>>> print(open('structure.cif').read())   # mmCIF, C-alpha atoms and all ligand atoms
data_final
loop_
_atom_site.label_atom_id
_atom_site.label_comp_id
_atom_site.auth_asym_id
_atom_site.auth_seq_id
_atom_site.Cartn_x
_atom_site.Cartn_y
_atom_site.Cartn_z
CA MET A 1 -2.45 20.33 5.45
CA GLU A 2 -3.69 17.15 3.78
CA LYS A 3 -3.47 17.34 0.02
CA PRO A 4 -6.81 17.29 -1.80
CA LEU A 5 -7.78 13.91 -3.19
CA GLY A 6 -6.20 13.11 -6.50
CA VAL A 7 -3.50 15.75 -6.37
CA GLU A 8 -0.24 13.98 -6.66
CA THR A 9 3.15 14.94 -7.93
CA ALA A 10 4.95 12.83 -10.52
CA SER A 11 7.66 11.97 -8.01
CA GLU A 12 5.05 10.36 -5.76
CA ARG A 13 4.22 7.72 -8.32
CA PRO A 14 5.84 4.33 -7.94
CA SER A 15 8.66 3.56 -10.31
CA ILE A 16 7.71 0.70 -12.59
CA ASP A 17 10.69 1.21 -14.84
CA PRO A 18 11.41 -2.29 -16.17
CA ALA A 19 14.97 -1.22 -16.97
CA VAL A 20 15.75 -1.24 -13.26
CA ASP A 21 18.33 -3.87 -12.54
CA PHE A 22 16.42 -6.73 -10.95
CA ALA A 23 19.70 -8.43 -10.08
CA ARG A 24 20.36 -5.72 -7.52
CA ALA A 25 17.16 -6.61 -5.68
CA ILE A 26 18.16 -10.29 -5.75
CA GLU A 27 21.49 -9.35 -4.15
CA HIS A 28 19.64 -8.43 -0.98
CA GLY A 29 18.49 -12.05 -0.70
CA LYS A 30 15.09 -13.57 -0.10
CA PRO A 31 13.04 -12.25 2.79
CA ASP A 32 12.87 -14.58 5.77
CA PHE A 33 9.43 -14.60 7.40
CA ALA A 34 10.07 -17.57 9.71
CA HIS A 35 9.27 -15.54 12.82
CA GLY A 36 5.87 -14.55 11.46
CA VAL A 37 6.66 -10.85 11.17
CA ILE A 38 6.58 -9.34 7.69
CA LEU A 39 7.33 -5.73 8.51
CA TYR A 40 9.14 -4.26 11.45
CA LEU A 41 9.64 -0.56 12.05
CA ASP A 42 11.59 0.55 15.06
CA ASP A 43 12.25 4.01 16.44
CA ILE A 44 11.69 5.79 13.13
CA SER A 45 12.04 9.55 13.15
CA VAL A 46 11.59 11.88 10.18
CA SER A 47 11.76 15.63 10.29
CA PHE A 48 11.06 18.16 7.56
CA ASP A 49 12.74 21.50 8.24
CA GLY A 50 12.57 20.89 11.96
CA PHE A 51 8.97 19.63 11.86
CA GLN A 52 8.78 16.13 13.35
CA ALA A 53 6.58 14.13 10.92
CA LEU A 54 7.49 10.78 12.52
CA ASN A 55 8.64 10.63 16.11
CA LYS A 56 10.21 7.35 17.27
CA LEU A 57 7.58 5.31 15.48
CA SER A 58 7.62 1.57 16.12
CA LEU A 59 5.30 -0.92 14.49
CA ALA A 60 5.24 -4.63 13.62
CA ILE A 61 2.97 -6.32 11.07
CA ASP A 62 2.48 -10.08 11.03
CA VAL A 63 2.54 -12.27 7.94
CA GLY A 64 -1.01 -12.40 6.52
CA GLU A 65 -2.22 -9.58 8.74
CA LEU A 66 -4.71 -6.92 7.67
CA ARG A 67 -3.74 -3.85 9.66
CA CYS A 68 -5.60 -0.56 9.57
CA ILE A 69 -3.80 2.67 10.36
CA ILE A 70 -5.92 5.65 11.31
CA GLY A 71 -5.11 9.08 12.66
CA PRO A 72 -5.89 12.73 12.06
CA ASN A 73 -4.53 14.62 9.06
CA GLY A 74 -0.83 15.24 9.42
CA ALA A 75 -0.33 12.32 11.83
CA GLY A 76 2.41 10.92 9.61
CA LYS A 77 0.54 8.04 7.92
CA THR A 78 1.70 8.78 4.39
CA THR A 79 5.20 9.63 5.59
CA MET A 80 5.33 6.19 7.21
CA MET A 81 4.54 4.59 3.84
CA ASP A 82 7.17 6.80 2.20
CA VAL A 83 9.75 5.47 4.65
CA ILE A 84 8.78 1.83 4.12
CA THR A 85 8.95 2.16 0.33
CA GLY A 86 12.26 4.01 0.24
CA LYS A 87 10.86 7.33 -0.91
CA THR A 88 11.81 9.15 2.29
CA ARG A 89 14.91 8.34 4.31
CA PRO A 90 14.35 8.58 8.07
CA ASP A 91 16.76 10.50 10.30
CA SER A 92 17.01 7.44 12.54
CA GLY A 93 15.50 4.03 13.12
CA THR A 94 15.25 0.69 11.33
CA VAL A 95 12.83 -0.90 8.87
CA PHE A 96 13.00 -4.64 8.21
CA PHE A 97 11.08 -6.76 5.72
CA GLY A 98 11.01 -10.17 7.30
CA GLN A 99 13.92 -10.77 9.62
CA ASN A 100 16.70 -10.13 7.21
CA ILE A 101 15.91 -7.48 4.60
CA ASP A 102 16.94 -3.98 5.61
CA LEU A 103 14.61 -1.81 3.56
CA LEU A 104 16.54 1.35 4.43
CA LYS A 105 19.44 0.06 2.33
CA MET A 106 17.26 -0.31 -0.76
CA THR A 107 16.06 2.02 -3.50
CA GLU A 108 12.34 2.42 -4.25
CA PRO A 109 12.38 -0.10 -7.14
CA GLU A 110 14.36 -2.58 -5.04
CA VAL A 111 11.78 -2.36 -2.26
CA ALA A 112 9.04 -3.02 -4.81
CA HIS A 113 10.92 -5.99 -6.25
CA ALA A 114 11.49 -7.39 -2.77
CA GLY A 115 7.70 -7.76 -2.52
CA VAL A 116 6.27 -4.50 -1.17
CA GLY A 117 3.47 -3.12 -3.37
CA ARG A 118 2.11 0.36 -2.84
CA LYS A 119 -1.20 1.78 -3.93
CA PHE A 120 -1.30 5.54 -4.18
CA GLN A 121 -4.48 7.59 -3.88
CA LYS A 122 -4.74 8.45 -7.54
CA PRO A 123 -4.93 5.41 -9.82
CA THR A 124 -2.01 5.23 -12.23
CA ILE A 125 -3.53 2.94 -14.82
CA PHE A 126 -3.05 2.97 -18.60
CA GLU A 127 -6.27 4.76 -19.54
CA GLN A 128 -6.18 3.97 -23.28
CA HIS A 129 -5.70 0.25 -22.77
CA THR A 130 -8.28 -2.35 -21.84
CA VAL A 131 -8.61 -3.73 -18.35
CA PHE A 132 -7.09 -7.01 -19.51
CA GLU A 133 -4.16 -5.25 -21.17
CA ASN A 134 -3.48 -3.25 -18.01
CA LEU A 135 -3.10 -6.47 -16.03
CA GLU A 136 -1.03 -8.03 -18.80
CA LEU A 137 1.29 -5.02 -18.94
CA SER A 138 1.81 -4.94 -15.20
CA MET A 139 2.67 -8.64 -15.18
CA LYS A 140 5.16 -8.11 -17.98
CA ALA A 141 6.73 -5.09 -16.32
CA ASP A 142 7.94 -7.65 -13.82
CA LYS A 143 11.43 -8.70 -14.87
CA ARG A 144 10.92 -12.28 -13.82
CA VAL A 145 8.54 -12.72 -16.75
CA ARG A 146 10.06 -10.08 -18.97
CA ASN A 147 11.34 -12.49 -21.55
CA THR A 148 7.71 -13.01 -22.50
CA LEU A 149 7.19 -9.34 -23.31
CA PHE A 150 6.68 -9.99 -27.00
CA ALA A 151 5.46 -13.54 -26.63
CA LYS A 152 1.89 -14.71 -26.39
CA LEU A 153 0.57 -15.29 -22.93
CA ASN A 154 0.85 -18.86 -21.80
CA SER A 155 -2.08 -20.58 -20.12
CA GLU A 156 -0.69 -20.07 -16.65
CA GLN A 157 -0.42 -16.34 -17.26
CA ARG A 158 -3.95 -16.23 -18.68
CA ASP A 159 -5.19 -18.04 -15.59
CA ARG A 160 -3.47 -15.51 -13.34
CA ILE A 161 -5.08 -12.62 -15.17
CA ALA A 162 -8.48 -14.33 -15.04
CA GLU A 163 -8.08 -14.96 -11.33
CA THR A 164 -7.14 -11.33 -10.71
CA LEU A 165 -10.08 -10.10 -12.81
CA ARG A 166 -12.34 -12.19 -10.63
CA GLN A 167 -10.77 -10.92 -7.41
CA ILE A 168 -11.14 -7.27 -8.39
CA ARG A 169 -14.66 -7.90 -9.76
CA LEU A 170 -13.84 -6.78 -13.26
CA GLU A 171 -14.29 -10.09 -15.05
CA ASP A 172 -17.16 -8.62 -17.07
CA ALA A 173 -15.11 -5.53 -17.91
CA ALA A 174 -11.96 -7.25 -19.22
CA SER A 175 -12.24 -5.73 -22.68
CA ARG A 176 -13.37 -2.28 -21.56
CA ILE A 177 -11.10 0.70 -22.03
CA ALA A 178 -9.74 1.45 -18.57
CA GLY A 179 -10.32 5.19 -18.92
CA LEU A 180 -14.08 4.52 -19.08
CA LEU A 181 -14.28 2.70 -15.75
CA SER A 182 -15.87 4.27 -12.69
CA HIS A 183 -13.57 5.77 -10.06
CA GLY A 184 -13.96 2.72 -7.85
CA GLN A 185 -13.30 0.30 -10.70
CA LYS A 186 -10.12 2.19 -11.57
CA GLN A 187 -8.98 1.81 -7.99
CA TRP A 188 -9.67 -1.93 -8.15
CA LEU A 189 -7.82 -2.19 -11.43
CA GLU A 190 -4.76 -0.60 -9.89
CA ILE A 191 -4.97 -3.01 -6.97
CA GLY A 192 -5.19 -5.79 -9.56
CA MET A 193 -2.09 -4.46 -11.30
CA LEU A 194 -0.26 -4.57 -7.99
CA LEU A 195 -1.49 -8.12 -7.38
CA MET A 196 -0.07 -9.23 -10.75
CA GLN A 197 3.37 -8.46 -9.31
CA GLU A 198 2.58 -10.83 -6.40
CA PRO A 199 3.62 -8.57 -3.55
CA LYS A 200 3.95 -10.13 -0.11
CA LEU A 201 2.95 -6.86 1.53
CA LEU A 202 0.47 -4.33 0.15
CA LEU A 203 0.38 -0.74 1.37
CA LEU A 204 -2.85 1.09 0.56
CA ASP A 205 -3.22 4.79 1.25
CA GLU A 206 -6.87 5.86 1.56
CA PRO A 207 -8.13 3.25 -0.92
CA VAL A 208 -11.85 4.02 -0.58
CA ALA A 209 -11.63 7.82 -0.77
CA GLY A 210 -14.16 9.00 -3.35
CA MET A 211 -15.82 5.60 -3.70
CA SER A 212 -19.57 5.07 -3.58
CA ASP A 213 -21.00 3.14 -0.62
CA ASP A 214 -21.41 0.08 -2.79
CA GLU A 215 -17.84 0.29 -4.09
CA THR A 216 -16.58 0.77 -0.53
CA GLU A 217 -18.45 -2.35 0.56
CA ARG A 218 -16.96 -4.38 -2.30
CA THR A 219 -13.49 -3.09 -1.48
CA ALA A 220 -13.92 -4.27 2.10
CA GLU A 221 -14.78 -7.74 0.74
CA LEU A 222 -11.73 -7.67 -1.53
CA PHE A 223 -9.37 -6.81 1.32
CA LEU A 224 -10.87 -9.44 3.59
CA ALA A 225 -10.39 -12.00 0.82
CA LEU A 226 -6.75 -10.96 0.30
CA ALA A 227 -5.86 -11.03 4.00
CA GLY A 228 -4.12 -14.24 4.95
CA LYS A 229 -2.77 -14.71 1.45
CA ARG A 230 -0.95 -11.39 1.62
CA SER A 231 -0.26 -8.85 4.33
CA LEU A 232 -2.09 -5.55 4.03
CA VAL A 233 -1.51 -2.19 5.65
CA VAL A 234 -4.48 0.07 5.01
CA VAL A 235 -4.46 3.77 5.84
CA GLU A 236 -8.03 5.06 5.84
CA HIS A 237 -10.18 7.91 7.16
CA ASP A 238 -13.49 6.14 6.58
CA MET A 239 -14.21 4.71 10.03
CA ALA A 240 -17.17 2.62 8.89
CA PHE A 241 -14.86 0.96 6.39
CA VAL A 242 -12.16 0.43 9.00
CA ALA A 243 -14.69 -1.05 11.42
CA LYS A 244 -15.74 -3.52 8.73
CA ILE A 245 -12.28 -4.86 7.92
CA ALA A 246 -10.13 -4.15 10.95
CA ARG A 247 -8.63 -6.75 13.19
CA THR A 248 -5.93 -4.64 14.79
CA VAL A 249 -6.07 -0.87 14.44
CA THR A 250 -3.11 1.41 14.99
CA VAL A 251 -3.77 5.06 15.73
CA LEU A 252 -1.02 7.46 14.72
CA HIS A 253 -0.82 10.88 16.27
CA GLU A 254 1.98 13.39 15.88
CA GLY A 255 4.23 10.82 14.29
CA SER A 256 3.97 8.00 16.79
CA VAL A 257 1.60 5.29 17.92
CA LEU A 258 -1.07 6.68 20.23
CA ALA A 259 -3.08 3.47 20.59
CA GLU A 260 -3.19 0.00 19.12
CA GLY A 261 -5.60 -2.90 19.48
CA PRO A 262 -9.01 -4.17 18.45
CA MET A 263 -11.25 -1.53 16.83
CA GLU A 264 -13.71 -1.43 19.72
CA ARG A 265 -11.06 -0.81 22.32
CA VAL A 266 -9.31 1.81 20.24
CA GLN A 267 -12.58 3.62 19.46
CA ASN A 268 -13.37 3.91 23.14
CA ASP A 269 -9.89 4.98 24.17
CA PRO A 270 -10.21 8.48 25.70
CA ARG A 271 -6.88 9.59 24.16
CA VAL A 272 -8.09 8.57 20.72
CA ILE A 273 -11.43 10.32 21.21
CA GLU A 274 -9.55 13.44 22.23
CA VAL A 275 -7.30 13.63 19.17
CA TYR A 276 -10.25 13.11 16.85
CA LEU A 277 -12.75 15.32 18.61
CA GLY A 278 -10.31 17.84 20.01
CA ARG A 279 -9.73 19.37 16.57
N1 LIG B 301 7.97 16.40 1.88
C1 LIG B 301 7.53 17.09 2.94
N2 LIG B 301 8.05 18.29 3.28
C2 LIG B 301 7.62 18.96 4.35
N3 LIG B 301 6.64 18.53 5.16
C3 LIG B 301 6.07 17.36 4.88
C4 LIG B 301 6.48 16.57 3.76
N4 LIG B 301 5.72 15.43 3.74
C5 LIG B 301 4.89 15.52 4.80
N5 LIG B 301 5.11 16.66 5.48
C6 LIG B 301 4.40 17.08 6.71
O1 LIG B 301 4.49 16.02 7.64
C7 LIG B 301 3.27 15.87 8.34
C8 LIG B 301 2.77 14.47 8.17
O2 LIG B 301 2.26 14.35 6.86
P1 LIG B 301 1.61 13.03 6.29
O3 LIG B 301 2.53 11.90 6.53
O4 LIG B 301 1.23 13.30 4.90
O5 LIG B 301 0.33 12.89 7.23
P2 LIG B 301 -0.99 12.01 7.03
O6 LIG B 301 -0.80 11.12 5.84
O7 LIG B 301 -1.15 11.26 8.31
O8 LIG B 301 -2.10 13.00 6.85
C9 LIG B 301 2.33 16.94 7.80
O9 LIG B 301 2.34 18.02 8.70
C10 LIG B 301 2.92 17.30 6.49
O10 LIG B 301 2.64 18.62 6.14
MG MG B 302 -1.82 10.91 4.04
#
>>> encode(input="structure.cif", output="structure tokens")
Amino acid sequence: MEKPLGVETASERPSIDPAVDFARAIEHGKPDFAHGVILYLDDISVSFDGFQALNKLSLAIDVGELRCIIGPNGAGKTTMMDVITGKTRPDSGTVFFGQNIDLLKMTEPEVAHAGVGRKFQKPTIFEQHTVFENLELSMKADKRVRNTLFAKLNSEQRDRIAETLRQIRLEDAASRIAGLLSHGQKQWLEIGMLLMQEPKLLLLDEPVAGMSDDETERTAELFLALAGKRSLVVVEHDMAFVAKIARTVTVLHEGSVLAEGPMERVQNDPRVIEVYLGR
């Protein structure tokens, strides 16, 4: 059963503990994207008490790609993200970031430091702080700039925050208390907080759930603007949204890839129609 929207356990939240030893992430080296592939999953299997959540799943995402992942409830979409981010260890298979970084050897914070940002369904923003402060805090949680924690922002940092505010369409809300934002704006703020950490790859699990039509439309524009600069993997149920942003769509079913290709082809694939309509 799919969890209701917004219900999330504490252990599901990403670790942003700044005390995590950044040097350990550095030890794994810099990712090498020379072959144009940012993420490579091969033959991944995960079982929970005998239930096969992922079944020999293989997937490759190109640098700068915007990939949509669809599939019925229970298909294994969230489990796939859990494997990529180090939250769930697969029973077998490999996961590489670039050609050289073996994500299965890394802890959750190490995966994040390597450049994989994950957006959970429920925004985990600092509700009592302003929008600007949220972005500032997320930048400073990054160890690379941690020595500036008690220092004033320099102009480059201010520019980065301003640029992010513009991207997430909150430039007019910079001094608002984050807790007072609309649901959609909170989602954008959390995406902005991820962007402050400059991830190479962004994983977004049902980002437009609960958004108004207008907010959904603006989110599509945001993702299209980010594609190319970063790689995005978007898991979403909203087919209209997927149709708007998708280049390549991957359909997961019972823990493996059922179909993959351009939206139109996938939508008309009889096997895909069956798993969606056959329920
Ligand atoms: N920690 C877990 N323990 C047991 N079963 C789980 C766990 N996480 C996921 N599952 C099961 O694995 C299947 C895939 O779940 P999930 O990856 O959340 O699917 P999706 O995100 O595609 O809806 C579901 O049947 C779910 O109940
Ligand atoms: Mg899910």
>>> closest_residue(input="structure.cif", among="A:Leu204, A:Leu41, A:Ile168, A:Ile101", to="ligand MG 302 (chain B)", atoms="all atoms listed in the file")
A:Leu204
>>> residues_around(input="structure.cif", residues="segment 263-278 of chain A", least_positions_apart="4", cutoff="9 Å", atoms="all atoms listed in the file", output="PyMOL selection string")
chain A and resi 71-72+242-243+246-251+253+258-259
>>> closest_residue(input="structure.cif", among="A:Thr130, A:Leu222, A:Lys152, A:Glu215", to="Gln167 of chain A", atoms="all atoms listed in the file")
A:Leu222
>>> closest_residue(input="structure.cif", among="A:Ala225, A:Met196, A:Ile70, A:Val233", to="ligand MG 302 (chain B)", atoms="all atoms listed in the file")
A:Ile70
>>> atom_distance(input="structure.cif", atom1="atom CA of Phe96 of chain A", atom2="atom CA of Glu198 of chain A")
19.0 Å
>>> closest_residue(input="structure.cif", among="A:Ala178, A:Ile161, A:Ala53, A:Leu232", to="Pro199 of chain A", atoms="only C-alpha atoms")
A:Leu232
>>> residues_near_point(input="structure.cif", point="(3.7, 9.2, 16.9)", cutoff="8 Å", atoms="only C-alpha atoms", output="MDAnalysis selection string")
chainID A and resid 54:57 75:76 252:258
>>> atom_distance(input="structure.cif", atom1="atom C8 of ligand LIG 301 (chain B)", atom2="atom CA of Asp102 of chain A")
23.4 Å
>>> residues_around(input="structure.cif", residues="His35 of chain A", least_positions_apart="4", cutoff="12 Å", atoms="all atoms listed in the file", output="number ranges by chain")
A: 31, 39-40, 60-63, 97-100
>>> closest_residue(input="structure.cif", among="A:Arg118, A:His237, A:His183, A:Arg176", to="ligand MG 302 (chain B)", atoms="only C-alpha atoms and all ligand atoms")
A:His237
>>> residues_near_ligand(input="structure.cif", ligand="ligand MG 302 (chain B)", cutoff="8 Å", atoms="all atoms listed in the file", output="ChimeraX atom specification")
/A:2-3,73-74,76-79,205-206,235
>>> closest_residue(input="structure.cif", among="A:Met106, A:Ala220, A:Met81, A:Val37", to="ligand LIG 301 (chain B)", atoms="only C-alpha atoms and all ligand atoms")
A:Met81
>>> axis_aligned_box(input="structure.cif", around="segment 82-100 of chain A", padding_each_side="6 Å", output="JSON")
{"center_x": 12.1, "center_y": -0.1, "center_z": 6.1, "size_x": 21.8, "size_y": 33.3, "size_z": 26.0}
>>> atom_distance(input="structure.cif", atom1="atom CA of Gln121 of chain A", atom2="atom CA of Glu221 of chain A")
19.0 Å
>>> residues_near_point(input="structure.cif", point="(5.3, -8.8, -2.3)", cutoff="7 Å", atoms="all atoms listed in the file", output="ChimeraX atom specification")
/A:114-117,198-201
>>> write_last_selection(input="structure.cif", atoms="C-alpha atoms", output="PDB file, in the frame of the given file")
ATOM      1  CA  ALA A 114      11.490  -7.390  -2.770  1.00  0.00           C
ATOM      2  CA  GLY A 115       7.700  -7.760  -2.520  1.00  0.00           C
ATOM      3  CA  VAL A 116       6.270  -4.500  -1.170  1.00  0.00           C
ATOM      4  CA  GLY A 117       3.470  -3.120  -3.370  1.00  0.00           C
ATOM      5  CA  GLU A 198       2.580 -10.830  -6.400  1.00  0.00           C
ATOM      6  CA  PRO A 199       3.620  -8.570  -3.550  1.00  0.00           C
ATOM      7  CA  LYS A 200       3.950 -10.130  -0.110  1.00  0.00           C
ATOM      8  CA  LEU A 201       2.950  -6.860   1.530  1.00  0.00           C
TER       9      LEU A 201
END
